[in-house]
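Okay, work-v4.csv now, which holds CSV, C-alpha atoms and all ligand atoms:
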```csv
chain,number,residue,atom,x,y,z
A,1,MET,CA,-0.1,-13.7,-0.6
A,2,THR,CA,1.0,-10.1,-0.6
A,3,ASP,CA,-1.1,-7.6,1.3
A,4,THR,CA,-1.8,-4.8,-1.1
A,5,ARG,CA,-4.0,-2.8,1.3
A,6,ALA,CA,-3.0,0.7,2.4
A,7,VAL,CA,-1.2,0.8,5.8
A,8,LEU,CA,-2.7,2.9,8.6
A,9,GLY,CA,0.1,3.6,11.1
A,10,VAL,CA,-1.2,4.1,14.6
A,11,GLY,CA,0.4,6.3,17.2
A,12,MET,CA,-0.8,6.0,20.7
A,13,VAL,CA,-0.4,8.5,23.5
A,14,GLY,CA,-0.4,6.9,27.0
A,15,TYR,CA,0.1,3.3,28.1
A,16,ALA,CA,-1.8,2.8,31.4
A,17,PHE,CA,-5.0,0.9,31.7
A,18,MET,CA,-6.6,2.4,28.5
A,19,GLY,CA,-3.3,2.2,26.6
A,20,ARG,CA,-3.0,-1.4,27.5
A,21,VAL,CA,-6.5,-2.3,26.4
A,22,HIS,CA,-6.3,-0.2,23.2
A,23,SER,CA,-3.0,-2.0,22.4
A,24,GLN,CA,-4.8,-5.3,22.8
A,25,ALA,CA,-7.4,-4.0,20.3
A,26,TRP,CA,-4.9,-2.9,17.7
A,27,ARG,CA,-3.0,-6.3,18.1
A,28,SER,CA,-6.1,-8.4,17.6
A,29,VAL,CA,-8.4,-6.5,15.2
A,30,GLY,CA,-6.6,-7.6,12.0
A,31,ALA,CA,-6.8,-11.3,12.9
A,32,PHE,CA,-10.5,-11.3,13.4
A,33,PHE,CA,-11.9,-8.7,11.0
A,34,ASP,CA,-11.4,-8.2,7.3
A,35,LEU,CA,-10.4,-4.5,7.2
A,36,PRO,CA,-10.1,-2.1,4.2
A,37,ALA,CA,-6.7,-1.0,5.4
A,38,LYS,CA,-4.0,-2.6,7.6
A,39,PRO,CA,-3.5,-1.0,11.0
A,40,VAL,CA,0.1,-1.1,12.1
A,41,MET,CA,1.2,-0.3,15.7
A,42,ALA,CA,3.8,2.3,14.7
A,43,ALA,CA,4.7,4.3,17.8
A,44,LEU,CA,3.9,4.8,21.5
A,45,SER,CA,4.3,8.1,23.3
A,46,GLY,CA,4.9,8.6,27.0
A,47,ARG,CA,6.8,11.0,29.2
A,48,SER,CA,9.3,8.6,30.6
A,49,ALA,CA,11.7,7.2,27.9
A,50,ASP,CA,12.5,4.1,29.9
A,51,ARG,CA,9.0,3.2,31.0
A,52,THR,CA,7.6,4.0,27.5
A,53,ALA,CA,10.2,1.8,25.9
A,54,ALA,CA,9.3,-1.0,28.2
A,55,ALA,CA,5.6,-0.6,27.6
A,56,ALA,CA,6.2,-0.5,23.8
A,57,GLU,CA,8.2,-3.7,24.0
A,58,SER,CA,5.5,-5.5,26.0
A,59,LEU,CA,2.5,-4.1,24.2
A,60,GLY,CA,3.8,-4.4,20.7
A,61,TRP,CA,4.6,-0.9,19.5
A,62,ALA,CA,7.5,-0.5,16.9
A,63,ALA,CA,8.9,2.9,18.1
A,64,VAL,CA,8.9,5.2,21.0
A,65,GLU,CA,8.4,9.0,21.4
A,66,THR,CA,8.6,11.0,24.6
A,67,ASP,CA,6.7,14.0,23.2
A,68,TRP,CA,3.2,13.5,21.7
A,69,LYS,CA,3.9,16.5,19.3
A,70,ARG,CA,6.7,14.4,17.7
A,71,LEU,CA,4.4,11.4,17.5
A,72,ILE,CA,1.8,13.4,15.6
A,73,ALA,CA,4.5,14.7,13.2
A,74,ARG,CA,5.7,11.2,12.2
A,75,ASP,CA,5.1,10.2,8.6
A,76,ASP,CA,4.3,6.6,9.6
A,77,VAL,CA,1.4,7.7,11.8
A,78,GLN,CA,-2.0,8.3,10.2
A,79,ILE,CA,-4.1,7.5,13.3
A,80,VAL,CA,-3.6,9.1,16.7
A,81,ASP,CA,-5.1,7.1,19.6
A,82,ILE,CA,-5.4,9.3,22.8
A,83,CYS,CA,-5.3,7.2,26.0
A,84,THR,CA,-4.3,10.0,28.4
A,85,PRO,CA,-6.2,11.6,31.3
A,86,GLY,CA,-8.9,14.1,30.2
A,87,ASP,CA,-6.9,17.2,30.8
A,88,SER,CA,-4.8,16.6,27.6
A,89,HIS,CA,-7.6,15.3,25.3
A,90,ALA,CA,-8.4,18.6,23.7
A,91,GLU,CA,-4.8,19.8,23.1
A,92,ILE,CA,-3.7,16.5,21.5
A,93,ALA,CA,-6.8,15.8,19.5
A,94,ILE,CA,-6.9,19.3,18.0
A,95,ALA,CA,-3.2,19.2,17.0
A,96,ALA,CA,-3.6,15.8,15.5
A,97,LEU,CA,-6.7,16.6,13.5
A,98,GLU,CA,-5.1,19.8,12.2
A,99,ALA,CA,-2.1,17.7,11.2
A,100,GLY,CA,-4.5,15.6,9.1
A,101,LYS,CA,-4.4,12.5,11.4
A,102,HIS,CA,-7.5,10.5,12.2
A,103,VAL,CA,-8.2,10.6,15.9
A,104,ILE,CA,-9.8,8.1,18.4
A,105,CYS,CA,-10.0,9.7,21.8
A,106,GLU,CA,-10.8,8.0,25.1
A,107,LYS,CA,-13.9,9.2,27.1
A,108,PRO,CA,-15.0,11.5,28.4
A,109,LEU,CA,-14.2,13.6,25.3
A,110,ALA,CA,-12.8,16.4,27.5
A,111,ASN,CA,-12.9,17.9,31.0
A,112,THR,CA,-15.1,20.8,30.1
A,113,VAL,CA,-17.9,21.7,27.6
A,114,THR,CA,-15.7,24.5,26.3
A,115,GLU,CA,-12.9,22.1,25.4
A,116,ALA,CA,-15.4,19.7,23.9
A,117,GLU,CA,-16.9,22.4,21.7
A,118,ALA,CA,-13.5,23.3,20.4
A,119,MET,CA,-12.8,19.7,19.6
A,120,VAL,CA,-16.1,19.4,17.7
A,121,THR,CA,-15.4,22.5,15.7
A,122,VAL,CA,-11.9,21.2,14.6
A,123,ALA,CA,-13.3,17.6,14.1
A,124,GLU,CA,-16.1,18.8,11.7
A,125,ARG,CA,-13.6,21.0,9.8
A,126,ALA,CA,-11.2,18.0,9.5
A,127,ALA,CA,-14.1,15.7,8.4
A,128,ALA,CA,-14.6,17.9,5.4
A,129,ARG,CA,-11.0,17.0,4.5
A,130,GLY,CA,-11.7,13.3,5.0
A,131,VAL,CA,-10.1,13.1,8.4
A,132,ARG,CA,-12.1,11.0,10.8
A,133,SER,CA,-12.6,11.2,14.6
A,134,MET,CA,-14.3,9.1,17.2
A,135,VAL,CA,-14.7,9.1,21.0
A,136,ALA,CA,-14.1,5.8,22.7
A,137,PHE,CA,-17.4,4.9,24.4
A,138,ASN,CA,-16.6,1.3,24.2
A,139,TYR,CA,-19.8,-0.1,25.8
A,140,ARG,CA,-21.7,0.7,22.6
A,141,ARG,CA,-19.6,-2.2,21.2
A,142,VAL,CA,-20.7,-4.8,23.7
A,143,PRO,CA,-22.7,-7.2,21.5
A,144,ALA,CA,-25.6,-7.2,24.0
A,145,VAL,CA,-25.7,-3.4,24.1
A,146,ALA,CA,-25.7,-3.1,20.3
A,147,LEU,CA,-28.5,-5.8,20.2
A,148,ALA,CA,-30.5,-3.6,22.7
A,149,ARG,CA,-30.1,-0.7,20.3
A,150,ARG,CA,-31.4,-2.9,17.5
A,151,PHE,CA,-34.4,-4.0,19.6
A,152,VAL,CA,-35.3,-0.4,20.3
A,153,GLU,CA,-34.9,0.6,16.6
A,154,GLU,CA,-37.1,-2.3,15.6
A,155,GLY,CA,-39.8,-0.9,17.9
A,156,ARG,CA,-39.9,-4.0,20.1
A,157,LEU,CA,-40.1,-1.9,23.3
A,158,GLY,CA,-42.7,0.5,22.0
A,159,GLU,CA,-42.9,3.9,23.7
A,160,LEU,CA,-39.9,4.3,26.1
A,161,ARG,CA,-41.1,5.2,29.6
A,162,HIS,CA,-38.1,4.5,31.8
A,163,VAL,CA,-34.4,4.2,31.6
A,164,ARG,CA,-32.7,3.0,34.8
A,165,ALA,CA,-28.8,3.1,34.5
A,166,GLN,CA,-26.1,2.4,37.0
A,167,TYR,CA,-22.4,2.2,36.9
A,168,LEU,CA,-21.2,0.6,40.2
A,169,GLN,CA,-17.5,0.2,41.2
A,170,ASP,CA,-15.8,-0.1,44.6
A,171,TRP,CA,-12.1,0.4,44.0
A,172,ILE,CA,-11.7,3.4,46.3
A,173,VAL,CA,-13.8,2.3,49.3
A,174,ASP,CA,-10.6,1.9,51.3
A,175,PRO,CA,-9.7,5.4,52.6
A,176,GLU,CA,-6.0,4.5,52.3
A,177,PHE,CA,-6.3,4.2,48.5
A,178,PRO,CA,-4.0,6.9,47.2
A,179,LEU,CA,-4.9,10.1,45.5
A,180,VAL,CA,-4.5,9.0,41.9
A,181,TRP,CA,-5.2,11.3,38.9
A,182,ARG,CA,-8.8,10.0,38.6
A,183,LEU,CA,-9.4,11.7,42.0
A,184,GLN,CA,-8.0,15.1,41.0
A,185,LYS,CA,-10.3,17.6,39.2
A,186,ASP,CA,-7.5,19.3,37.3
A,187,LYS,CA,-6.6,16.0,35.7
A,188,ALA,CA,-9.9,14.1,35.4
A,189,GLY,CA,-12.4,17.0,35.2
A,190,SER,CA,-14.7,15.2,37.6
A,191,GLY,CA,-14.8,11.9,39.5
A,192,ALA,CA,-17.3,9.0,39.2
A,193,LEU,CA,-19.5,11.4,37.2
A,194,GLY,CA,-17.1,11.9,34.2
A,195,ASP,CA,-15.2,8.6,34.4
A,196,ILE,CA,-18.1,6.1,34.7
A,197,GLY,CA,-21.2,8.4,34.6
A,198,SER,CA,-20.3,9.4,31.1
A,199,HIS,CA,-20.5,5.8,30.0
A,200,ILE,CA,-24.1,5.3,31.2
A,201,VAL,CA,-25.2,8.7,29.8
A,202,ASP,CA,-23.8,7.7,26.4
A,203,THR,CA,-25.2,4.2,26.6
A,204,ALA,CA,-28.6,5.5,27.5
A,205,GLN,CA,-28.6,8.0,24.7
A,206,TYR,CA,-27.2,5.4,22.2
A,207,VAL,CA,-29.6,2.6,23.1
A,208,THR,CA,-32.7,4.8,23.2
A,209,GLY,CA,-31.7,7.1,20.3
A,210,GLN,CA,-32.9,10.0,22.5
A,211,LEU,CA,-31.2,12.8,24.4
A,212,LEU,CA,-31.5,13.9,28.0
A,213,THR,CA,-33.1,17.4,28.0
A,214,GLY,CA,-32.8,18.2,31.7
A,215,VAL,CA,-31.5,16.8,35.0
A,216,SER,CA,-31.6,17.1,38.8
A,217,ALA,CA,-28.6,15.8,40.6
A,218,ILE,CA,-26.8,15.2,43.9
A,219,THR,CA,-23.1,14.3,44.3
A,220,GLU,CA,-20.9,13.4,47.3
A,221,THR,CA,-17.3,13.0,48.1
A,222,PHE,CA,-17.2,10.4,51.0
A,223,VAL,CA,-13.4,10.4,51.6
A,224,LYS,CA,-12.1,13.9,51.4
A,225,GLU,CA,-8.4,13.4,52.0
A,226,ARG,CA,-6.2,10.6,50.8
A,227,PRO,CA,-2.5,9.6,50.9
A,228,LEU,CA,-0.6,11.1,48.0
A,229,ALA,CA,-0.1,8.7,45.2
A,230,GLU,CA,3.5,7.6,44.6
A,231,GLU,CA,4.0,9.8,41.5
A,232,SER,CA,3.1,12.9,43.5
A,233,ALA,CA,4.4,11.9,47.0
A,234,GLY,CA,7.9,12.9,46.0
A,235,LEU,CA,6.6,16.4,45.2
A,236,SER,CA,5.1,17.0,48.7
A,237,ALA,CA,7.0,19.0,51.2
A,238,GLY,CA,10.1,17.0,52.3
A,239,GLY,CA,9.2,14.2,49.9
A,240,GLY,CA,7.2,12.4,52.7
A,241,GLN,CA,4.0,10.5,52.0
A,242,GLY,CA,1.6,13.3,53.1
A,243,THR,CA,-2.1,13.5,52.1
A,244,GLY,CA,-4.0,15.6,49.6
A,245,ALA,CA,-7.6,16.7,49.1
A,246,VAL,CA,-9.9,14.7,46.9
A,247,THR,CA,-11.3,17.3,44.5
A,248,VAL,CA,-13.9,15.3,42.7
A,249,ASP,CA,-17.1,13.4,43.4
A,250,ASP,CA,-17.1,9.9,44.6
A,251,ALA,CA,-20.7,9.3,43.6
A,252,ALA,CA,-23.3,11.1,41.5
A,253,LEU,CA,-27.0,10.3,41.4
A,254,PHE,CA,-29.3,12.1,39.0
A,255,ILE,CA,-32.7,11.9,37.3
A,256,GLY,CA,-33.5,13.2,33.9
A,257,ARG,CA,-36.1,13.6,31.2
A,258,LEU,CA,-35.6,12.0,27.8
A,259,SER,CA,-36.4,13.9,24.6
A,260,GLY,CA,-39.1,11.3,23.9
A,261,GLY,CA,-40.8,12.1,27.2
A,262,GLY,CA,-39.6,9.2,29.2
A,263,LEU,CA,-38.0,9.4,32.6
A,264,ALA,CA,-34.4,8.4,33.5
A,265,SER,CA,-32.4,7.7,36.6
A,266,PHE,CA,-28.6,7.4,36.8
A,267,GLU,CA,-26.2,6.3,39.6
A,268,ALA,CA,-22.5,6.4,39.2
A,269,THR,CA,-20.4,5.5,42.2
A,270,ARG,CA,-17.0,4.1,43.2
A,271,PHE,CA,-18.4,3.1,46.7
A,272,ALA,CA,-20.7,0.3,45.8
A,273,SER,CA,-18.9,-2.2,47.9
A,274,GLY,CA,-18.8,-5.6,46.2
A,275,ARG,CA,-19.7,-4.2,42.7
A,276,LYS,CA,-16.5,-4.3,40.5
A,277,ASN,CA,-17.6,-3.0,37.1
A,278,ALA,CA,-21.4,-3.2,37.2
A,279,MET,CA,-22.4,-1.1,34.2
A,280,ARG,CA,-26.2,-1.7,34.1
A,281,ILE,CA,-29.1,-0.4,32.1
A,282,GLU,CA,-32.8,-1.3,32.1
A,283,ILE,CA,-35.3,0.2,29.7
A,284,ASN,CA,-39.1,-0.2,30.2
A,285,GLY,CA,-41.3,0.5,27.2
A,286,SER,CA,-45.0,0.1,26.4
A,287,LEU,CA,-44.4,-3.2,24.5
A,288,GLY,CA,-41.4,-4.6,26.4
A,289,SER,CA,-38.3,-4.2,28.5
A,290,LEU,CA,-34.6,-4.8,28.3
A,291,SER,CA,-32.0,-5.3,31.0
A,292,PHE,CA,-28.2,-5.5,30.8
A,293,ASP,CA,-25.4,-5.9,33.4
A,294,PHE,CA,-21.8,-5.7,32.2
A,295,GLU,CA,-20.8,-8.1,34.9
A,296,ALA,CA,-22.8,-10.7,32.8
A,297,MET,CA,-21.8,-9.0,29.5
A,298,ASN,CA,-22.8,-11.8,27.2
A,299,GLU,CA,-26.4,-11.7,28.3
A,300,LEU,CA,-29.3,-9.5,27.4
A,301,TRP,CA,-32.6,-9.9,29.2
A,302,PHE,CA,-35.8,-9.2,27.3
A,303,HIS,CA,-39.4,-9.0,28.4
A,304,ASP,CA,-42.1,-9.1,25.7
A,305,HIS,CA,-45.0,-7.3,27.2
A,306,THR,CA,-47.3,-8.3,24.2
A,307,LEU,CA,-47.3,-11.9,25.4
A,308,PRO,CA,-50.0,-13.1,27.8
A,309,ALA,CA,-48.9,-12.5,31.4
A,310,GLU,CA,-48.8,-16.2,32.0
A,311,ASP,CA,-46.2,-16.6,29.3
A,312,SER,CA,-44.2,-13.4,29.7
A,313,GLY,CA,-41.4,-12.3,32.0
A,314,PHE,CA,-37.7,-11.6,31.4
A,315,ARG,CA,-36.0,-14.2,29.3
A,316,ARG,CA,-32.2,-14.4,28.8
A,317,ILE,CA,-30.7,-14.0,25.4
A,318,LEU,CA,-27.1,-15.3,25.2
A,319,VAL,CA,-25.7,-12.8,22.7
A,320,THR,CA,-23.1,-15.1,21.1
A,321,GLU,CA,-24.8,-16.1,17.9
A,322,SER,CA,-23.3,-15.3,14.5
A,323,GLY,CA,-26.3,-13.1,13.7
A,324,HIS,CA,-25.6,-10.9,16.8
A,325,PRO,CA,-23.6,-7.7,16.5
A,326,TYR,CA,-19.8,-8.5,16.3
A,327,ALA,CA,-20.2,-12.0,17.9
A,328,GLY,CA,-19.8,-14.0,14.7
A,329,ALA,CA,-16.2,-12.8,14.3
A,330,TRP,CA,-15.0,-14.7,17.3
A,331,TRP,CA,-16.1,-18.0,18.8
A,332,PRO,CA,-19.0,-20.5,18.4
A,333,PRO,CA,-22.2,-19.8,20.2
A,334,GLY,CA,-22.0,-19.8,24.0
A,335,HIS,CA,-18.2,-19.2,24.3
A,336,GLY,CA,-18.6,-15.5,25.2
A,337,LEU,CA,-16.5,-12.3,24.9
A,338,GLY,CA,-14.8,-10.0,27.4
A,339,TYR,CA,-14.1,-6.4,28.1
A,340,GLU,CA,-11.2,-6.2,25.7
A,341,HIS,CA,-13.3,-7.4,22.7
A,342,THR,CA,-15.4,-4.2,22.9
A,343,PHE,CA,-12.2,-2.2,22.1
A,344,THR,CA,-11.4,-4.4,19.2
A,345,HIS,CA,-14.9,-3.8,17.9
A,346,GLU,CA,-14.3,-0.1,18.4
A,347,VAL,CA,-11.1,0.1,16.3
A,348,LYS,CA,-12.6,-2.2,13.7
A,349,ASP,CA,-15.5,0.2,13.2
A,350,PHE,CA,-13.1,3.1,13.2
A,351,VAL,CA,-10.8,1.6,10.5
A,352,GLU,CA,-13.9,0.6,8.4
A,353,ALA,CA,-15.2,4.2,8.6
A,354,ILE,CA,-11.8,5.6,7.5
A,355,GLY,CA,-11.8,3.1,4.6
A,356,ALA,CA,-15.4,4.0,3.6
A,357,GLY,CA,-14.9,7.7,4.0
A,358,THR,CA,-17.7,8.0,6.5
A,359,ASP,CA,-17.8,9.5,10.0
A,360,PRO,CA,-17.6,6.9,12.7
A,361,ALA,CA,-19.9,6.9,15.8
A,362,PRO,CA,-19.8,8.0,18.5
A,363,SER,CA,-18.5,11.3,17.0
A,364,PHE,CA,-17.0,14.1,18.9
A,365,ALA,CA,-20.4,15.7,18.7
A,366,ASP,CA,-21.8,12.7,20.5
A,367,GLY,CA,-19.0,13.2,23.1
A,368,LEU,CA,-20.0,16.9,23.4
A,369,ARG,CA,-23.7,15.9,24.1
A,370,VAL,CA,-22.4,13.7,27.0
A,371,GLN,CA,-20.2,16.6,28.2
A,372,ARG,CA,-23.3,18.9,28.3
A,373,VAL,CA,-25.2,16.4,30.5
A,374,LEU,CA,-22.2,16.1,32.8
A,375,ALA,CA,-22.0,19.9,33.1
A,376,ALA,CA,-25.8,20.1,33.8
A,377,VAL,CA,-25.4,17.5,36.5
A,378,GLU,CA,-22.6,19.4,38.2
A,379,GLU,CA,-24.5,22.7,37.9
A,380,SER,CA,-27.6,21.1,39.5
A,381,ALA,CA,-25.7,19.4,42.3
A,382,ALA,CA,-24.0,22.8,43.1
A,383,ASN,CA,-27.5,24.5,43.3
A,384,ASP,CA,-29.5,22.4,45.7
A,385,SER,CA,-30.3,19.8,43.0
A,386,ARG,CA,-32.4,22.3,41.1
A,387,TRP,CA,-33.8,21.2,37.7
A,388,THR,CA,-31.1,22.1,35.1
A,389,PRO,CA,-31.8,22.0,31.4
A,390,VAL,CA,-29.1,20.3,29.2
A,391,SER,CA,-28.0,23.1,26.9
A,401,LIG,C1,-12.5,3.4,35.9
A,401,LIG,O1,-11.8,2.7,36.8
A,401,LIG,C2,-12.5,2.7,34.6
A,401,LIG,O2,-11.2,2.3,34.2
A,401,LIG,C3,-13.0,3.7,33.5
A,401,LIG,O3,-12.1,4.8,33.3
A,401,LIG,C4,-13.2,3.0,32.2
A,401,LIG,O4,-13.7,3.8,31.2
A,401,LIG,C5,-14.2,1.8,32.4
A,401,LIG,O5,-14.4,1.1,31.2
A,401,LIG,C6,-13.6,0.9,33.5
A,401,LIG,O6,-13.4,1.6,34.7
```

Can you dump the structure from the file as C-alpha cells?
Ligand code: SOE
Amino acid sequence: MTDTRAVLGVGMVGYAFMGRVHSQAWRSVGAFFDLPAKPVMAALSGRSADRTAAAAESLGWAAVETDWKRLIARDDVQIVDICTPGDSHAEIAIAALEAGKHVICEKPLANTVTEAEAMVTVAERAAARGVRSMVAFNYRRVPAVALARRFVEEGRLGELRHVRAQYLQDWIVDPEFPLVWRLQKDKAGSGALGDIGSHIVDTAQYVTGQLLTGVSAITETFVKERPLAEESAGLSAGGGQGTGAVTVDDAALFIGRLSGGGLASFEATRFASGRKNAMRIEINGSLGSLSFDFEAMNELWFHDHTLPAEDSGFRRILVTESGHPYAGAWWPPGHGLGYEHTFTHEVKDFVEAIGAGTDPAPSFADGLRVQRVLAAVEESAANDSRWTPVS
C-alpha cells in the first residue's frame, strides 16, 4: 500500500549519547505509532567527516554534513534535532527556526537565561508561521510520570504540600575521570544543576502544574582538577595529558516554594556513589501521595490518604496497561519499557503536533522557566544561599 503521507525530513546535529538515543527514537517511532506524517532520517551533522559518516552509517542517517548551517539549508530537512552541548543550542535553534524548520532541542534549553529568552522570542514568532519547537525534557514521557501528572490533574492528591525531587548519579566519583565537556562551564553552562537538575525542576513543574517562585541553594565542586579529556589533551602545552580546572558544580541542593504554596526540595548530584540514574520525585498532598524512581521506571507508587489508615499505604502501580500513557503502543502488560522509549514518545508527540498545527510541550517557554530556576539557584548559591526569587 503506498504511503501518501507528507514526508518530514529530519536533520540531526550531534551524534554522542543524545544523538544515539534520538536516532533510536526516529528509527522506531513510525513502527509503533500512527503518525500524520512520515519522519525520514535525512541527514546527520558533525564536525568530523569520517566520524560523522561512521555514525550516520551505524545510526541510520541517509546523508552527512560537517556544517550544521548546511544541514539547516537542505531542502530534504524539515525538522532540526539539536543534540549538541548547550553552548550551541541558541545559535542552531534560532537559525533553524528562522529558516522555517521545526526544532526539537535537547535540554537544558540553553546555557543562560539571555540565550533562552532569545530562543523563546524566535520560537513564538516562528509558531505564528506554523513552525513548531519543543525542548527535550524526555522524563515527561515516562508513562509513570505522565500518569502522575494525570493523578494530580484529577485531584487525587488534593492540596500539594511537598515535592521531594532528586537526581542521583555517580559517574564522576573517580577523580581520574577526565574533564569532559559536561564539566566545563563554557560548554555546559553548569554541572549537575543544568544537566540533571534541569530534569527534576521540569518534572516537578510538569507533574504539579505549578512553578517554583523562589529558591535557596548550595552547590559544591568536590573534585576541582581533572585529567584533560582526550579531545582536549592534544591542545594542552606539549600535547601531554595535563589537568584542567572543573568549572561547574558537582552537586546542587536547593529548596523552593511552589506557586500553589507547597514546599519543594531538590538534590542533583553526580557523587551519589551507587546511584546510576536515580531520577526520583515524591509528592505529598492532602488526599494522597505519589512516588517515582526512574531506576524502577515502570512503577508508580500511590498512597490514597482518604482510605482508613488500616487499609492505606503506598501501593505499586505497574504502568504497563493499554490505558496508561504511551504503554499501549508497545508490549502486553508487565513487559515494561526503557529509557529509549521516552524519546520515541517525545518525537511521536512532536510529529503529531506538527501534523495538527499545535504547539508541542514542553515549549521553549517551558525551557525558559527552567532556565530561570537554574539561574536563581546559581545566584542564591553565590550569595550565602540567600532566598532568591525566580524571575
Ligand atoms: C548525564 O549523564 C545524562 O546523560 C543527562 O545529560 C541526560 O539528560 C539524562 O537523561 C541522563 O544523564

What's the 6 Å shell around Leu290 (chain A), counting only C-alpha atoms, without same-chain residues fewer than 5 positions away, as a list of chain:residue names?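 Residues meeting the cut-off are A:Glu282, A:Ile283, A:Trp301, A:Phe302.
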
Write as an MDAnalysis selection string the residues around ligand LIG 401 (chain A), taking 8 Å as the cut-off and counting all atoms listed in the file. chainID A and resid 17:18 106:107 137:139 169 171 195:196 199 277

Closest of A:Gln24, A:Ser291, A:Asn111, A:Ser88 to Val145 (chain A) - atom-to-atom distances counting all atoms listed in the file: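 Closest candidate: A:Ser291.
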
Using only C-alpha atoms, give me every residue within 12 Å of (-17.1, -0.2, 7.5) in file coordinates, as a PyMOL selection string. chain A and resi 33-37+345-361

Which protein, DNA or RNA residues are at most 10 Å from (-11.3, 23.3, 17.8) in the file's coordinates when you count all atoms listed in the file, listed as a list of chain:residue names?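 Within 10 Å of (-11.3, 23.3, 17.8), the protein and nucleic acid residues are A:Ala90, A:Glu91, A:Ala93, A:Ile94, A:Ala95, A:Leu97, A:Glu98, A:Thr114, A:Glu115, A:Ala116, A:Glu117, A:Ala118, A:Met119, A:Val120, A:Thr121, A:Val122, A:Ala123, A:Glu124, A:Arg125, A:Ala126.
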
Same residues, C-alpha atoms, output as an mmCIF file, in the frame of the given file:
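What ended up in part.cif:
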```
data_model
loop_
_atom_site.group_PDB
_atom_site.id
_atom_site.type_symbol
_atom_site.label_atom_id
_atom_site.label_comp_id
_atom_site.auth_asym_id
_atom_site.auth_seq_id
_atom_site.Cartn_x
_atom_site.Cartn_y
_atom_site.Cartn_z
ATOM 1 C CA ALA A 90 -8.400 18.600 23.700
ATOM 2 C CA GLU A 91 -4.800 19.800 23.100
ATOM 3 C CA ALA A 93 -6.800 15.800 19.500
ATOM 4 C CA ILE A 94 -6.900 19.300 18.000
ATOM 5 C CA ALA A 95 -3.200 19.200 17.000
ATOM 6 C CA LEU A 97 -6.700 16.600 13.500
ATOM 7 C CA GLU A 98 -5.100 19.800 12.200
ATOM 8 C CA THR A 114 -15.700 24.500 26.300
ATOM 9 C CA GLU A 115 -12.900 22.100 25.400
ATOM 10 C CA ALA A 116 -15.400 19.700 23.900
ATOM 11 C CA GLU A 117 -16.900 22.400 21.700
ATOM 12 C CA ALA A 118 -13.500 23.300 20.400
ATOM 13 C CA MET A 119 -12.800 19.700 19.600
ATOM 14 C CA VAL A 120 -16.100 19.400 17.700
ATOM 15 C CA THR A 121 -15.400 22.500 15.700
ATOM 16 C CA VAL A 122 -11.900 21.200 14.600
ATOM 17 C CA ALA A 123 -13.300 17.600 14.100
ATOM 18 C CA GLU A 124 -16.100 18.800 11.700
ATOM 19 C CA ARG A 125 -13.600 21.000 9.800
ATOM 20 C CA ALA A 126 -11.200 18.000 9.500
#
```

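Minimum atom-to-atom distances from A:Leu337, A:Ile255, A:Ile218, A:Leu179 to Gly242 (chain A) were compared using all atoms listed in the file, and the lowest value belongs to A:Leu179.
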
List the spatial neighbours of Ser45 (chain A) as a count of residues only - criterion: any atom at most 6 Å away, all atoms listed in the file, same-chain residues fewer than 4 positions off excluded. 5

Nearest to Ala148 (chain A) among A:Trp181, A:Phe292, A:Tyr15, A:Phe32, with distances taken over all atoms listed in the file: which residue is it?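 Smallest separation from Ala148 (chain A) among the options: A:Phe292.
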
For Glu220 (chain A), which of A:Val373, A:Val180, A:Ile200, A:Leu193 is the closest residue, counting only C-alpha atoms? A:Leu193

Return the single residue from A:Arg226, A:His303, A:His335, A:Arg369 that is closest to Glu321 (chain A), with distances computed using all atoms listed in the file. A:His335

Pick from A:Phe151, A:Tyr167, A:Phe266, A:Phe254 nearest to Gly209 (chain A), counting only C-alpha atoms: A:Phe151

Give me the residues of region 190-211 of chain A that have any atom at most 9 Å from an atom of region 160-166 of chain A; for each, the nearest atom pair and the distance in Å, rounded to one decimal. Use all atoms listed in the file, sort by chain and number, and format it as a tab-separated table.
```
residue	atom	partner	partner_atom	distance
A:Gly197	CA	A:Gln166	CA	8.1
A:Ile200	CA	A:Ala165	CA	6.1
A:Val201	CA	A:Ala165	CA	8.1
A:Thr203	CA	A:Ala165	CA	8.8
A:Ala204	CA	A:Val163	CA	7.2
A:Thr208	CA	A:Leu160	CA	7.8
```

Restricted to C-alpha atoms, what would the selected residues look like written as an mmCIF file, in the frame of the given file?
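Now in again.cif:
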```cif
data_model
loop_
_atom_site.group_PDB
_atom_site.id
_atom_site.type_symbol
_atom_site.label_atom_id
_atom_site.label_comp_id
_atom_site.auth_asym_id
_atom_site.auth_seq_id
_atom_site.Cartn_x
_atom_site.Cartn_y
_atom_site.Cartn_z
ATOM 1 C CA GLY A 197 -21.200 8.400 34.600
ATOM 2 C CA ILE A 200 -24.100 5.300 31.200
ATOM 3 C CA VAL A 201 -25.200 8.700 29.800
ATOM 4 C CA THR A 203 -25.200 4.200 26.600
ATOM 5 C CA ALA A 204 -28.600 5.500 27.500
ATOM 6 C CA THR A 208 -32.700 4.800 23.200
#
```

Near His22 (chain A), counting only C-alpha atoms, which residues have an atom at most 8 Å away, once you skip same-chain residues fewer than 6 positions from it, shown as number ranges by chain? A: 83, 343-344

Can I get the selection written as a short mmCIF file (atom, residue, chain, number, x, y, z; two decimals), in the frame of the given file, with C-alpha atoms?
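Everything below was put into selection-v3.cif:
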```
data_model
loop_
_atom_site.label_atom_id
_atom_site.label_comp_id
_atom_site.auth_asym_id
_atom_site.auth_seq_id
_atom_site.Cartn_x
_atom_site.Cartn_y
_atom_site.Cartn_z
CA CYS A 83 -5.30 7.20 26.00
CA PHE A 343 -12.20 -2.20 22.10
CA THR A 344 -11.40 -4.40 19.20
#
```

Just the number, please: distance in Å from CA of Thr243 (chain A) to CA of Arg47 (chain A), one decimal.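 Computing it gives 24.7 Å between the two atoms.
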
Please compute the CA of Ala264 (chain A)-CA of Ile317 (chain A) distance, one decimal, in Å.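 Computing it gives 24.1 Å between the two atoms.
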
Can you pull out every residue within 10 Å of Gly214 (chain A), counting all atoms listed in the file, but drop anything in the same chain fewer than 5 positions away, and send it as a ChimeraX atom specification? /A:255-259,373,376-377,380,387-391
